[in-house]
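Text of the file query37.json, holding JSON, N, CA and C atoms:
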[["chain", "number", "residue", "atom", "x", "y", "z"],
["P", 1, "MET", "N", 5.38, -6.73, 19.47],
["P", 1, "MET", "CA", 5.64, -6.29, 18.11],
["P", 1, "MET", "C", 6.56, -5.08, 18.14],
["P", 2, "LYS", "N", 7.53, -5.07, 17.24],
["P", 2, "LYS", "CA", 8.42, -3.91, 17.23],
["P", 2, "LYS", "C", 7.74, -2.75, 16.52],
["P", 3, "PRO", "N", 8.12, -1.52, 16.87],
["P", 3, "PRO", "CA", 7.48, -0.34, 16.26],
["P", 3, "PRO", "C", 7.76, -0.28, 14.77],
["P", 4, "LEU", "N", 6.79, 0.23, 14.04],
["P", 4, "LEU", "CA", 6.92, 0.34, 12.59],
["P", 4, "LEU", "C", 7.43, 1.73, 12.22],
["P", 5, "ILE", "N", 8.30, 1.77, 11.23],
["P", 5, "ILE", "CA", 8.85, 3.02, 10.74],
["P", 5, "ILE", "C", 8.09, 3.43, 9.48],
["P", 6, "HIS", "N", 7.65, 4.69, 9.45],
["P", 6, "HIS", "CA", 6.98, 5.25, 8.28],
["P", 6, "HIS", "C", 7.77, 6.49, 7.84],
["P", 7, "PRO", "N", 8.02, 6.64, 6.55],
["P", 7, "PRO", "CA", 8.72, 7.85, 6.13],
["P", 7, "PRO", "C", 7.85, 9.09, 6.34],
["P", 8, "ARG", "N", 8.49, 10.20, 6.63],
["P", 8, "ARG", "CA", 7.75, 11.46, 6.70],
["P", 8, "ARG", "C", 7.26, 11.79, 5.29],
["P", 9, "ALA", "N", 6.18, 12.53, 5.19],
["P", 9, "ALA", "CA", 5.60, 12.85, 3.87],
["P", 9, "ALA", "C", 6.63, 13.48, 2.95],
["P", 10, "GLU", "N", 7.44, 14.39, 3.49],
["P", 10, "GLU", "CA", 8.44, 15.08, 2.64],
["P", 10, "GLU", "C", 9.59, 14.16, 2.22],
["P", 11, "ASP", "N", 9.69, 12.99, 2.83],
["P", 11, "ASP", "CA", 10.75, 12.04, 2.48],
["P", 11, "ASP", "C", 10.27, 10.95, 1.52],
["P", 12, "ILE", "N", 9.00, 10.96, 1.17],
["P", 12, "ILE", "CA", 8.49, 9.95, 0.24],
["P", 12, "ILE", "C", 9.13, 10.19, -1.12],
["P", 13, "ASN", "N", 9.72, 9.13, -1.67],
["P", 13, "ASN", "CA", 10.50, 9.20, -2.89],
["P", 13, "ASN", "C", 9.71, 8.62, -4.07],
["P", 14, "ILE", "N", 9.66, 9.35, -5.16],
["P", 14, "ILE", "CA", 8.89, 8.91, -6.33],
["P", 14, "ILE", "C", 9.37, 7.56, -6.85],
["P", 15, "HIS", "N", 10.67, 7.30, -6.81],
["P", 15, "HIS", "CA", 11.20, 6.03, -7.31],
["P", 15, "HIS", "C", 10.71, 4.86, -6.45],
["P", 16, "ALA", "N", 10.70, 5.06, -5.14],
["P", 16, "ALA", "CA", 10.21, 4.00, -4.23],
["P", 16, "ALA", "C", 8.72, 3.77, -4.44],
["P", 17, "VAL", "N", 7.97, 4.84, -4.64],
["P", 17, "VAL", "CA", 6.52, 4.72, -4.85],
["P", 17, "VAL", "C", 6.25, 3.96, -6.14],
["P", 18, "LEU", "N", 6.90, 4.35, -7.22],
["P", 18, "LEU", "CA", 6.66, 3.67, -8.50],
["P", 18, "LEU", "C", 7.12, 2.21, -8.46],
["P", 19, "HIS", "N", 8.23, 1.94, -7.79],
["P", 19, "HIS", "CA", 8.69, 0.56, -7.63],
["P", 19, "HIS", "C", 7.64, -0.26, -6.87],
["P", 20, "ALA", "N", 7.13, 0.29, -5.78],
["P", 20, "ALA", "CA", 6.14, -0.44, -4.97],
["P", 20, "ALA", "C", 4.87, -0.70, -5.76],
["P", 21, "LEU", "N", 4.45, 0.27, -6.55],
["P", 21, "LEU", "CA", 3.19, 0.13, -7.30],
["P", 21, "LEU", "C", 3.34, -0.76, -8.54],
["P", 22, "ALA", "N", 4.56, -1.09, -8.92],
["P", 22, "ALA", "CA", 4.79, -1.88, -10.13],
["P", 22, "ALA", "C", 4.49, -3.37, -9.95],
["P", 23, "GLU", "N", 4.29, -3.82, -8.73],
["P", 23, "GLU", "CA", 4.06, -5.24, -8.46],
["P", 23, "GLU", "C", 2.56, -5.48, -8.32],
["P", 24, "PRO", "N", 2.00, -6.44, -9.06],
["P", 24, "PRO", "CA", 0.54, -6.65, -9.07],
["P", 24, "PRO", "C", -0.09, -6.88, -7.70],
["P", 25, "ALA", "N", 0.51, -7.66, -6.83],
["P", 25, "ALA", "CA", -0.10, -7.90, -5.51],
["P", 25, "ALA", "C", -0.13, -6.61, -4.69],
["P", 26, "ARG", "N", 0.94, -5.83, -4.76],
["P", 26, "ARG", "CA", 0.95, -4.57, -4.02],
["P", 26, "ARG", "C", -0.06, -3.59, -4.61],
["P", 27, "MET", "N", -0.18, -3.59, -5.91],
["P", 27, "MET", "CA", -1.17, -2.72, -6.55],
["P", 27, "MET", "C", -2.59, -3.13, -6.14],
["P", 28, "GLN", "N", -2.83, -4.42, -6.00],
["P", 28, "GLN", "CA", -4.14, -4.89, -5.55],
["P", 28, "GLN", "C", -4.41, -4.43, -4.12],
["P", 29, "ILE", "N", -3.42, -4.45, -3.27],
["P", 29, "ILE", "CA", -3.57, -3.95, -1.90],
["P", 29, "ILE", "C", -3.95, -2.47, -1.93],
["P", 30, "VAL", "N", -3.26, -1.70, -2.75],
["P", 30, "VAL", "CA", -3.55, -0.26, -2.85],
["P", 30, "VAL", "C", -4.95, -0.03, -3.41],
["P", 31, "ARG", "N", -5.33, -0.79, -4.43],
["P", 31, "ARG", "CA", -6.68, -0.67, -5.00],
["P", 31, "ARG", "C", -7.74, -0.96, -3.94],
["P", 32, "THR", "N", -7.51, -1.99, -3.15],
["P", 32, "THR", "CA", -8.46, -2.35, -2.10],
["P", 32, "THR", "C", -8.56, -1.23, -1.06],
["P", 33, "LEU", "N", -7.42, -0.68, -0.66],
["P", 33, "LEU", "CA", -7.43, 0.40, 0.34],
["P", 33, "LEU", "C", -8.05, 1.67, -0.22],
["P", 34, "ALA", "N", -7.95, 1.89, -1.51],
["P", 34, "ALA", "CA", -8.57, 3.07, -2.12],
["P", 34, "ALA", "C", -10.09, 2.99, -2.03],
["P", 35, "GLU", "N", -10.61, 1.77, -1.99],
["P", 35, "GLU", "CA", -12.06, 1.57, -1.90],
["P", 35, "GLU", "C", -12.55, 1.43, -0.47],
["P", 36, "ALA", "N", -11.74, 0.83, 0.40],
["P", 36, "ALA", "CA", -12.16, 0.58, 1.79],
["P", 36, "ALA", "C", -10.95, 0.73, 2.69],
["P", 37, "ASP", "N", -10.65, 1.94, 3.08],
["P", 37, "ASP", "CA", -9.48, 2.22, 3.90],
["P", 37, "ASP", "C", -9.65, 1.64, 5.30],
["P", 38, "GLY", "N", -8.54, 1.35, 5.95],
["P", 38, "GLY", "CA", -8.58, 0.85, 7.32],
["P", 38, "GLY", "C", -8.84, -0.64, 7.40],
["P", 39, "LYS", "N", -8.07, -1.43, 6.65],
["P", 39, "LYS", "CA", -8.28, -2.88, 6.62],
["P", 39, "LYS", "C", -7.14, -3.62, 7.33],
["P", 40, "PRO", "N", -7.47, -4.62, 8.14],
["P", 40, "PRO", "CA", -6.45, -5.47, 8.75],
["P", 40, "PRO", "C", -5.74, -6.30, 7.67],
["P", 41, "CYS", "N", -4.50, -6.66, 7.94],
["P", 41, "CYS", "CA", -3.68, -7.38, 6.96],
["P", 41, "CYS", "C", -4.33, -8.65, 6.40],
["P", 42, "GLY", "N", -5.00, -9.41, 7.22],
["P", 42, "GLY", "CA", -5.56, -10.68, 6.78],
["P", 42, "GLY", "C", -6.88, -10.60, 6.04],
["P", 43, "THR", "N", -7.32, -9.41, 5.66],
["P", 43, "THR", "CA", -8.66, -9.27, 5.08],
["P", 43, "THR", "C", -8.65, -8.85, 3.61],
["P", 44, "PHE", "N", -7.53, -9.02, 2.92],
["P", 44, "PHE", "CA", -7.44, -8.54, 1.54],
["P", 44, "PHE", "C", -7.85, -9.59, 0.52],
["P", 45, "GLY", "N", -7.96, -10.84, 0.92],
["P", 45, "GLY", "CA", -8.42, -11.89, 0.01],
["P", 45, "GLY", "C", -7.46, -12.18, -1.13],
["P", 46, "ILE", "N", -6.18, -11.92, -0.94],
["P", 46, "ILE", "CA", -5.18, -12.21, -1.97],
["P", 46, "ILE", "C", -4.57, -13.58, -1.64],
["P", 47, "ASN", "N", -4.52, -14.43, -2.63],
["P", 47, "ASN", "CA", -4.07, -15.81, -2.43],
["P", 47, "ASN", "C", -2.54, -15.91, -2.44],
["P", 48, "LEU", "N", -1.93, -15.38, -1.38],
["P", 48, "LEU", "CA", -0.48, -15.46, -1.19],
["P", 48, "LEU", "C", -0.23, -15.86, 0.26],
["P", 49, "SER", "N", 0.96, -16.40, 0.52],
["P", 49, "SER", "CA", 1.28, -16.79, 1.89],
["P", 49, "SER", "C", 1.36, -15.56, 2.78],
["P", 50, "LYS", "N", 1.20, -15.78, 4.07],
["P", 50, "LYS", "CA", 1.25, -14.68, 5.05],
["P", 50, "LYS", "C", 2.60, -13.96, 4.99],
["P", 51, "SER", "N", 3.68, -14.71, 4.86],
["P", 51, "SER", "CA", 5.00, -14.08, 4.82],
["P", 51, "SER", "C", 5.19, -13.24, 3.55],
["P", 52, "THR", "N", 4.67, -13.71, 2.43],
["P", 52, "THR", "CA", 4.76, -12.95, 1.19],
["P", 52, "THR", "C", 3.94, -11.67, 1.29],
["P", 53, "LEU", "N", 2.73, -11.78, 1.83],
["P", 53, "LEU", "CA", 1.90, -10.58, 2.02],
["P", 53, "LEU", "C", 2.58, -9.60, 2.97],
["P", 54, "SER", "N", 3.17, -10.10, 4.04],
["P", 54, "SER", "CA", 3.88, -9.22, 4.98],
["P", 54, "SER", "C", 5.00, -8.47, 4.27],
["P", 55, "ALA", "N", 5.71, -9.14, 3.40],
["P", 55, "ALA", "CA", 6.79, -8.48, 2.65],
["P", 55, "ALA", "C", 6.23, -7.38, 1.75],
["P", 56, "HIS", "N", 5.07, -7.65, 1.12],
["P", 56, "HIS", "CA", 4.44, -6.63, 0.27],
["P", 56, "HIS", "C", 3.98, -5.42, 1.10],
["P", 57, "PHE", "N", 3.39, -5.68, 2.26],
["P", 57, "PHE", "CA", 2.98, -4.57, 3.13],
["P", 57, "PHE", "C", 4.19, -3.74, 3.55],
["P", 58, "LYS", "N", 5.30, -4.40, 3.83],
["P", 58, "LYS", "CA", 6.51, -3.69, 4.24],
["P", 58, "LYS", "C", 7.00, -2.76, 3.13],
["P", 59, "VAL", "N", 7.02, -3.26, 1.89],
["P", 59, "VAL", "CA", 7.46, -2.42, 0.77],
["P", 59, "VAL", "C", 6.56, -1.21, 0.62],
["P", 60, "LEU", "N", 5.25, -1.42, 0.72],
["P", 60, "LEU", "CA", 4.30, -0.31, 0.60],
["P", 60, "LEU", "C", 4.47, 0.69, 1.74],
["P", 61, "ARG", "N", 4.69, 0.18, 2.96],
["P", 61, "ARG", "CA", 4.87, 1.06, 4.12],
["P", 61, "ARG", "C", 6.16, 1.86, 3.98],
["P", 62, "GLU", "N", 7.24, 1.19, 3.65],
["P", 62, "GLU", "CA", 8.53, 1.87, 3.55],
["P", 62, "GLU", "C", 8.58, 2.86, 2.38],
["P", 63, "ALA", "N", 7.76, 2.64, 1.36],
["P", 63, "ALA", "CA", 7.67, 3.59, 0.24],
["P", 63, "ALA", "C", 6.81, 4.79, 0.61],
["P", 64, "GLY", "N", 6.06, 4.69, 1.70],
["P", 64, "GLY", "CA", 5.21, 5.79, 2.13],
["P", 64, "GLY", "C", 3.80, 5.75, 1.55],
["P", 65, "ILE", "N", 3.41, 4.62, 0.99],
["P", 65, "ILE", "CA", 2.09, 4.51, 0.36],
["P", 65, "ILE", "C", 1.02, 4.15, 1.38],
["P", 66, "ILE", "N", 1.37, 3.32, 2.34],
["P", 66, "ILE", "CA", 0.40, 2.95, 3.38],
["P", 66, "ILE", "C", 0.96, 3.28, 4.75],
["P", 67, "ARG", "N", 0.05, 3.37, 5.69],
["P", 67, "ARG", "CA", 0.41, 3.50, 7.10],
["P", 67, "ARG", "C", -0.15, 2.25, 7.77],
["P", 68, "GLN", "N", 0.65, 1.65, 8.64],
["P", 68, "GLN", "CA", 0.21, 0.48, 9.40],
["P", 68, "GLN", "C", 0.23, 0.84, 10.88],
["P", 69, "GLU", "N", -0.88, 0.55, 11.53],
["P", 69, "GLU", "CA", -1.00, 0.77, 12.97],
["P", 69, "GLU", "C", -1.30, -0.57, 13.62],
["P", 70, "THR", "N", -0.70, -0.80, 14.76],
["P", 70, "THR", "CA", -0.96, -2.03, 15.49],
["P", 70, "THR", "C", -2.33, -1.97, 16.14],
["P", 71, "ALA", "N", -3.10, -3.01, 15.91],
["P", 71, "ALA", "CA", -4.44, -3.13, 16.49],
["P", 71, "ALA", "C", -4.36, -4.07, 17.69],
["P", 72, "PRO", "N", -5.41, -4.12, 18.50],
["P", 72, "PRO", "CA", -5.40, -5.08, 19.61],
["P", 72, "PRO", "C", -5.11, -6.49, 19.11],
["P", 73, "GLY", "N", -4.34, -7.20, 19.87],
["P", 73, "GLY", "CA", -3.93, -8.55, 19.46],
["P", 73, "GLY", "C", -2.67, -8.44, 18.61],
["P", 74, "ASN", "N", -2.57, -9.28, 17.62],
["P", 74, "ASN", "CA", -1.37, -9.31, 16.78],
["P", 74, "ASN", "C", -1.62, -8.76, 15.39],
["P", 75, "SER", "N", -2.67, -8.02, 15.18],
["P", 75, "SER", "CA", -2.98, -7.59, 13.82],
["P", 75, "SER", "C", -2.56, -6.14, 13.60],
["P", 76, "ARG", "N", -2.48, -5.78, 12.34],
["P", 76, "ARG", "CA", -2.16, -4.42, 11.94],
["P", 76, "ARG", "C", -3.24, -3.93, 11.00],
["P", 77, "VAL", "N", -3.59, -2.67, 11.16],
["P", 77, "VAL", "CA", -4.59, -2.05, 10.29],
["P", 77, "VAL", "C", -3.85, -1.16, 9.30],
["P", 78, "ASN", "N", -4.22, -1.29, 8.04],
["P", 78, "ASN", "CA", -3.57, -0.57, 6.95],
["P", 78, "ASN", "C", -4.46, 0.55, 6.44],
["P", 79, "THR", "N", -3.85, 1.70, 6.23],
["P", 79, "THR", "CA", -4.57, 2.82, 5.62],
["P", 79, "THR", "C", -3.71, 3.38, 4.50],
["P", 80, "LEU", "N", -4.36, 3.89, 3.49],
["P", 80, "LEU", "CA", -3.70, 4.51, 2.36],
["P", 80, "LEU", "C", -3.34, 5.95, 2.73],
["P", 81, "ARG", "N", -2.13, 6.35, 2.48],
["P", 81, "ARG", "CA", -1.69, 7.71, 2.78],
["P", 81, "ARG", "C", -2.02, 8.64, 1.61],
["P", 82, "ARG", "N", -3.26, 8.59, 1.19],
["P", 82, "ARG", "CA", -3.71, 9.31, -0.01],
["P", 82, "ARG", "C", -3.44, 10.81, 0.08],
["P", 83, "ASP", "N", -3.83, 11.45, 1.17],
["P", 83, "ASP", "CA", -3.64, 12.90, 1.27],
["P", 83, "ASP", "C", -2.17, 13.29, 1.16],
["P", 84, "GLU", "N", -1.32, 12.53, 1.82],
["P", 84, "GLU", "CA", 0.11, 12.82, 1.78],
["P", 84, "GLU", "C", 0.69, 12.57, 0.38],
["P", 85, "LEU", "N", 0.26, 11.48, -0.25],
["P", 85, "LEU", "CA", 0.74, 11.19, -1.60],
["P", 85, "LEU", "C", 0.24, 12.23, -2.60],
["P", 86, "ASP", "N", -1.03, 12.63, -2.46],
["P", 86, "ASP", "CA", -1.59, 13.64, -3.36],
["P", 86, "ASP", "C", -0.89, 14.98, -3.19],
["P", 87, "ALA", "N", -0.53, 15.33, -1.96],
["P", 87, "ALA", "CA", 0.18, 16.58, -1.73],
["P", 87, "ALA", "C", 1.60, 16.53, -2.32],
["P", 88, "ARG", "N", 2.23, 15.38, -2.19],
["P", 88, "ARG", "CA", 3.63, 15.23, -2.65],
["P", 88, "ARG", "C", 3.69, 15.06, -4.17],
["P", 89, "PHE", "N", 2.78, 14.25, -4.73],
["P", 89, "PHE", "CA", 2.76, 13.95, -6.17],
["P", 89, "PHE", "C", 1.32, 14.09, -6.68],
["P", 90, "PRO", "N", 0.86, 15.32, -6.91],
["P", 90, "PRO", "CA", -0.54, 15.54, -7.30],
["P", 90, "PRO", "C", -0.97, 14.71, -8.51],
["P", 91, "GLY", "N", -2.06, 13.98, -8.32],
["P", 91, "GLY", "CA", -2.65, 13.20, -9.40],
["P", 91, "GLY", "C", -2.01, 11.85, -9.67],
["P", 92, "LEU", "N", -0.86, 11.56, -9.06],
["P", 92, "LEU", "CA", -0.17, 10.31, -9.36],
["P", 92, "LEU", "C", -1.00, 9.09, -8.99],
["P", 93, "LEU", "N", -1.48, 9.04, -7.77],
["P", 93, "LEU", "CA", -2.19, 7.85, -7.31],
["P", 93, "LEU", "C", -3.46, 7.62, -8.13],
["P", 94, "ASP", "N", -4.23, 8.68, -8.38],
["P", 94, "ASP", "CA", -5.43, 8.52, -9.19],
["P", 94, "ASP", "C", -5.10, 8.06, -10.60],
["P", 95, "SER", "N", -4.04, 8.61, -11.18],
["P", 95, "SER", "CA", -3.64, 8.21, -12.53],
["P", 95, "SER", "C", -3.27, 6.73, -12.59],
["P", 96, "VAL", "N", -2.50, 6.28, -11.61],
["P", 96, "VAL", "CA", -2.09, 4.88, -11.59],
["P", 96, "VAL", "C", -3.30, 3.98, -11.35],
["P", 97, "LEU", "N", -4.14, 4.34, -10.39],
["P", 97, "LEU", "CA", -5.33, 3.52, -10.12],
["P", 97, "LEU", "C", -6.24, 3.45, -11.34],
["P", 98, "ASN", "N", -6.44, 4.56, -12.04],
["P", 98, "ASN", "CA", -7.28, 4.56, -13.24],
["P", 98, "ASN", "C", -6.66, 3.73, -14.35],
["P", 99, "ALA", "N", -5.35, 3.83, -14.54],
["P", 99, "ALA", "CA", -4.68, 3.06, -15.58],
["P", 99, "ALA", "C", -4.77, 1.56, -15.30],
["P", 100, "VAL", "N", -4.58, 1.18, -14.06],
["P", 100, "VAL", "CA", -4.66, -0.23, -13.69],
["P", 100, "VAL", "C", -6.09, -0.73, -13.86],
["P", 101, "GLU", "N", -7.04, 0.07, -13.47],
["P", 101, "GLU", "CA", -8.45, -0.32, -13.61],
["P", 101, "GLU", "C", -8.80, -0.62, -15.07],
["P", 102, "ARG", "N", -8.23, 0.15, -15.99],
["P", 102, "ARG", "CA", -8.53, -0.04, -17.41],
["P", 102, "ARG", "C", -7.76, -1.20, -18.03],
["P", 103, "THR", "N", -6.63, -1.58, -17.44],
["P", 103, "THR", "CA", -5.77, -2.55, -18.13],
["P", 103, "THR", "C", -5.56, -3.87, -17.43],
["P", 104, "GLU", "N", -5.82, -3.93, -16.12],
["P", 104, "GLU", "CA", -5.51, -5.15, -15.37],
["P", 104, "GLU", "C", -6.71, -5.68, -14.63],
["P", 105, "PRO", "N", -6.92, -6.99, -14.69],
["P", 105, "PRO", "CA", -7.93, -7.58, -13.82],
["P", 105, "PRO", "C", -7.39, -7.68, -12.40],
["P", 106, "SER", "N", -8.28, -7.89, -11.44],
["P", 106, "SER", "CA", -7.86, -8.10, -10.06],
["P", 106, "SER", "C", -7.15, -9.44, -9.93],
["P", 107, "LEU", "N", -6.31, -9.56, -8.90],
["P", 107, "LEU", "CA", -5.68, -10.85, -8.61],
["P", 107, "LEU", "C", -6.74, -11.82, -8.13],
["P", 108, "PRO", "N", -6.52, -13.11, -8.35],
["P", 108, "PRO", "CA", -7.49, -14.09, -7.85],
["P", 108, "PRO", "C", -7.62, -14.03, -6.33],
["P", 109, "SER", "N", -8.83, -14.13, -5.86],
["P", 109, "SER", "CA", -9.08, -14.15, -4.42],
["P", 109, "SER", "C", -8.94, -15.56, -3.89],
["P", 110, "VAL", "N", -8.90, -15.66, -2.56],
["P", 110, "VAL", "CA", -8.78, -16.96, -1.93],
["P", 110, "VAL", "C", -10.09, -17.71, -2.03]]

Here is the file; what I need is its structure written in the form of structure tokens.
Amino acid sequence: MKPLIHPRAEDINIHAVLHALAEPARMQIVRTLAEADGKPCGTFGINLSKSTLSAHFKVLREAGIIRQETAPGNSRVNTLRRDELDARFPGLLDSVLNAVERTEPSLPSV
């Protein structure tokens, strides 16, 4: 597996974060990580193809919202970069998560 690139905390861009969070599947990934951090890619229960999910994880990683670490085998473990996001944009993540909780149902599970 090739090494993954993560933006430094000071390079996280508000436009990239908001773009990443605007897509329902990516928002569901973030909601899941907010409740149970440290999840392998295949354990989110979102009914999308593996390649589509991989693309969503990439957008979240490149926006600086999640960190992905390679686990034994071919899997990756995802964590929410909550502390870094809160330091860079205080209250943003909680505001978005609360707004989504009030207005959107979860995506259908597999």

Could you give me the centre and size, in Å to one decimal, of an axis-aligned box around all listed atoms of region 58-67 of chain P with 8 Å added on every side, as JSON?
{"center_x": 4.2, "center_y": 0.7, "center_z": 4.0, "size_x": 24.7, "size_y": 26.2, "size_z": 23.5}

Identify the residues around (1.1, 1.0, 1.7) within a radius of 7 Å, measuring from only C-alpha atoms in the coordinates stated by the file, and give them as a list in words.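 Checked against the point, the hits come out as Val30, Phe57, Leu60, Arg61, Gly64, Ile65, Ile66, Arg67 and Leu80 of chain P.
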
How many Å lie between atom C of Ile46 (chain P) and atom N of Ala63 (chain P), rounded to one decimal?
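Separation between atom C of Ile46 (chain P) and atom N of Ala63 (chain P): 20.6 Å.
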
| task | Between P:Val96, P:Thr103, P:Val17, P:Thr79, single out the one closest to Ala36 (chain P), counting only N, CA and C atoms. | result |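 Between P:Val96, P:Thr103, P:Val17, P:Thr79, the residue approaching Ala36 (chain P) most closely is P:Thr79.
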
Atom pair CA of Asp11 (chain P) / CA of Val100 (chain P): separation (Å):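 That distance, rounded to one decimal, is 25.5 Å.
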
Run DSSP on the backbone and tell me which residues of region 6-105 of chain P come out as helix (DSSP H, G or I); list them as a PyMOL selection string.
chain P and resi 9-11+14-21+24-35+41-43+50-63+82-88+92-103

Contacts of Arg82 (chain P) within 8 Å, only C-alpha atoms, excl. fewer than 3 positions in-chain, as a list of chain:residue names: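 In the requested form, the answer reads P:Ile65, P:Leu85, P:Asp86, P:Leu93.
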
inquiry  = So the first atom is CA of Pro90 (chain P) and the second is atom C of Lys39 (chain P); what is the distance between them in Å, to one decimal place?
reply    =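 That distance, rounded to one decimal, is 25.0 Å.
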
Judged by all atoms listed in the file, the minimum distance to Asn78 (chain P) among P:Gly38, P:Met27, P:Glu10, P:Thr52 is found for P:Gly38

**Study point:** Per-residue DSSP, chain P, filtered to strand (DSSP E), as a VMD selection string
**Key:** chain P and resid 39 to 40 66 to 70 76 to 80

Which residues are close to Ala55 (chain P), i.e. within 12 Å by only C-alpha atoms, leaving aside same-chain residues fewer than 4 positions away? Reply as an MDAnalysis selection string. chainID P and resid 20 23 25:26 41 48:51 59:62

- prompt: Nearest to Lys58 (chain P): which of P:Pro24, P:Pro72, P:Arg8, P:Ile29 is it, counting only C-alpha atoms?
  reply: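 Of the candidates, the smallest distance to Lys58 (chain P) is held by P:Ile29.
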
Which one of P:Arg31, P:Arg102, P:Arg81, P:His56 sits closest to Pro7 (chain P) if you count only C-alpha atoms?
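Using only C-alpha atoms, the shortest distance to Pro7 (chain P) belongs to P:Arg81.
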
| Protein and nucleic acid residues near (-2.0, -8.8, 9.6) (cut-off 6 Å, all atoms listed in the file) as a list of chain:residue names |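 I get P:Pro40, P:Cys41, P:Gly42, P:Asn74, P:Ser75, P:Arg76 for the residues within 6 Å of that point.
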
Practice prompt. Could you check which of P:Glu35, P:Thr43, P:Leu53, P:Ala71 is closest to Leu97 (chain P), using only C-alpha atoms?
Written response: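 Under the stated criterion, the closest residue is P:Glu35.
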
Shortest contact to His15 (chain P), candidates P:Val77, P:Phe89, P:Gln28, P:Asp37, atoms counted only C-alpha atoms, goes to P:Phe89

Atoms are missing here; could region 29-41 of chain P be completed with N, CA, C and O atoms and written as a tab-separated table (two decimals), in the frame of the given file?
chain	number	residue	atom	x	y	z
P	29	ILE	N	-3.42	-4.45	-3.27
P	29	ILE	CA	-3.57	-3.95	-1.90
P	29	ILE	C	-3.95	-2.47	-1.93
P	29	ILE	O	-4.89	-2.05	-1.24
P	30	VAL	N	-3.26	-1.70	-2.75
P	30	VAL	CA	-3.55	-0.26	-2.85
P	30	VAL	C	-4.95	-0.03	-3.41
P	30	VAL	O	-5.70	0.82	-2.92
P	31	ARG	N	-5.33	-0.79	-4.43
P	31	ARG	CA	-6.68	-0.67	-5.00
P	31	ARG	C	-7.74	-0.96	-3.94
P	31	ARG	O	-8.75	-0.27	-3.85
P	32	THR	N	-7.51	-1.99	-3.15
P	32	THR	CA	-8.46	-2.35	-2.10
P	32	THR	C	-8.56	-1.23	-1.06
P	32	THR	O	-9.65	-0.86	-0.65
P	33	LEU	N	-7.42	-0.68	-0.66
P	33	LEU	CA	-7.43	0.40	0.34
P	33	LEU	C	-8.05	1.67	-0.22
P	33	LEU	O	-8.64	2.46	0.54
P	34	ALA	N	-7.95	1.89	-1.51
P	34	ALA	CA	-8.57	3.07	-2.12
P	34	ALA	C	-10.09	2.99	-2.03
P	34	ALA	O	-10.77	4.00	-1.98
P	35	GLU	N	-10.61	1.77	-1.99
P	35	GLU	CA	-12.06	1.57	-1.90
P	35	GLU	C	-12.55	1.43	-0.47
P	35	GLU	O	-13.68	1.82	-0.16
P	36	ALA	N	-11.74	0.83	0.40
P	36	ALA	CA	-12.16	0.58	1.79
P	36	ALA	C	-10.95	0.73	2.69
P	36	ALA	O	-10.27	-0.26	3.00
P	37	ASP	N	-10.65	1.94	3.08
P	37	ASP	CA	-9.48	2.22	3.90
P	37	ASP	C	-9.65	1.64	5.30
P	37	ASP	O	-10.77	1.46	5.78
P	38	GLY	N	-8.54	1.35	5.95
P	38	GLY	CA	-8.58	0.85	7.32
P	38	GLY	C	-8.84	-0.64	7.40
P	38	GLY	O	-9.71	-1.08	8.13
P	39	LYS	N	-8.07	-1.43	6.65
P	39	LYS	CA	-8.28	-2.88	6.62
P	39	LYS	C	-7.14	-3.62	7.33
P	39	LYS	O	-5.97	-3.32	7.09
P	40	PRO	N	-7.47	-4.62	8.14
P	40	PRO	CA	-6.45	-5.47	8.75
P	40	PRO	C	-5.74	-6.30	7.67
P	40	PRO	O	-6.31	-6.60	6.62
P	41	CYS	N	-4.50	-6.66	7.94
P	41	CYS	CA	-3.68	-7.38	6.96
P	41	CYS	C	-4.33	-8.65	6.40
P	41	CYS	O	-4.21	-8.93	5.23
